[in-house]
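Notes for the one structure printed next.
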Amino acid sequence: MDDSDDLDEINDPEELLEMKVDGLVFDPLTNTPIIILKDDESEKTLPIWVGYPEATAIALEMESVTTPRPMTHDLIKQLLDHLDATVNHIVVNDLQNNTFFAVISIEGPSGPISVDSRPSDAIAVALRVGCPIFVAQGVIERAQTLKPPVEKGEEGDTEEEQDFRKWLKNIKPSDFGNMDQ
């Protein structure tokens with residue numbers, strides 16, 4: 001699938017914010033894994049709820065754990081290497097009905113392509129290939145309406161929301177623990 005025209009529309013540097021994986025945590029209410037993306041300059045954070053397999057793949061890469069056989073995202077990296085293709089970057093480019101969307105920007109022998117992806121898979125690939133992770137500014141703005149909010153406290157927040165913000169700010173990747181169950 002070649003969506004490079006769609007990707008070019010959001011590739012304006014002023015529309016994208018580079019973020020890094022700041023950690024993996026569990027939602028204290030649902031025990032669902034959350035990837036925390038953070039911008040070092042503005043300190044904006046973006047939580048993305050993901051499944052256990054994707055969180056495990058990300059945690060293994062963050063901790064530099066090698067598995068005896070390639071996991072799916074390792075396989076993708078190997079395929080790209082053998083096809084002489086490079087991942088330029090990934091973009092979390094949309095948020096609809098509490099679901100995030102992403103694209104992986106790839107440069108191959110036949111030219112650039114962008115591939116639709118779940119953000120968790122795109123992030124797992126980005127960590128393996130060492131490419132930048134971008135988030136569209138509009139996604140960050142729309143994500144502020146997700147509950148529980150992750151930006152700094154606002155008047156009228158419940159005590160639970162304030163506690164959640166404090167918890168997100170202080171969590172470390174090592175707090176994520178072992179996800180194999």
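A note on labels: chains of the structure tokens are A, B, ... as shown, every chain counts residues from 1, and ligands are counted from 1 in their shown order.
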
task = Just the residues within 9 Å of A:Ile140, please, counting only C-alpha atoms, with nothing from its chain fewer than 5 positions along; format it as a list in words.
result = Leu17, Lys44, Thr45, Leu46, Leu95 and Val135 of chain A

Contacts of A:Val92 within 12 Å, only C-alpha atoms, excl. fewer than 4 positions in-chain, as an MDAnalysis selection string = chainID A and resid 7 10:11 15:19 37 46:48 96 99:105 115:123 126 132:140 143

task = Name all residues at most 6 Å from stretch 71-88 of chain A (count only C-alpha atoms; drop same-chain ones fewer than 6 positions away) and give them as a PyMOL selection string.
result = chain A and resi 105-108+125

Generate the output file for the selected residues, N, CA and C atoms, as a compact mmCIF listing (two decimals), in the first residue's frame.
# COMPACT_ATOMS: atom_id res chain seq x y z
N SER A 105 7.13 4.86 7.67
CA SER A 105 7.70 5.42 6.44
C SER A 105 8.95 4.62 6.08
N ILE A 106 8.89 3.97 4.91
CA ILE A 106 9.97 3.08 4.47
C ILE A 106 10.54 3.58 3.16
N GLU A 107 11.85 3.53 3.05
CA GLU A 107 12.54 3.83 1.80
C GLU A 107 13.12 2.52 1.29
N GLY A 108 12.64 2.10 0.11
CA GLY A 108 13.12 0.85 -0.47
C GLY A 108 13.72 1.08 -1.83
N VAL A 125 8.84 -1.69 15.92
CA VAL A 125 9.75 -1.68 14.78
C VAL A 125 10.73 -0.51 14.91

ask   = What residues in stretch 12-170 of chain A get the DSSP label strand (DSSP E or B)? Please answer as number ranges by chain.
value = A: 16-26, 33-38, 45-49, 86-96, 99-108, 111-117, 133-136

query = atom CA of A:Arg128 and atom CA of A:Ile35, how far apart in Å?
reply =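 Separation between atom CA of A:Ile35 and atom CA of A:Arg128: 15.6 Å.
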
ask   = Pick from A:Val129, A:Leu24, A:Asn98, A:Glu43: nearest to A:Leu60, with only C-alpha atoms counted?
value =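 With only C-alpha atoms as the atom set, the closest residue is A:Leu24.
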
Pairwise distance for atom CA of A:Ala59 and atom CA of A:Ile113, rounded to one decimal in Å = 27.5 Å
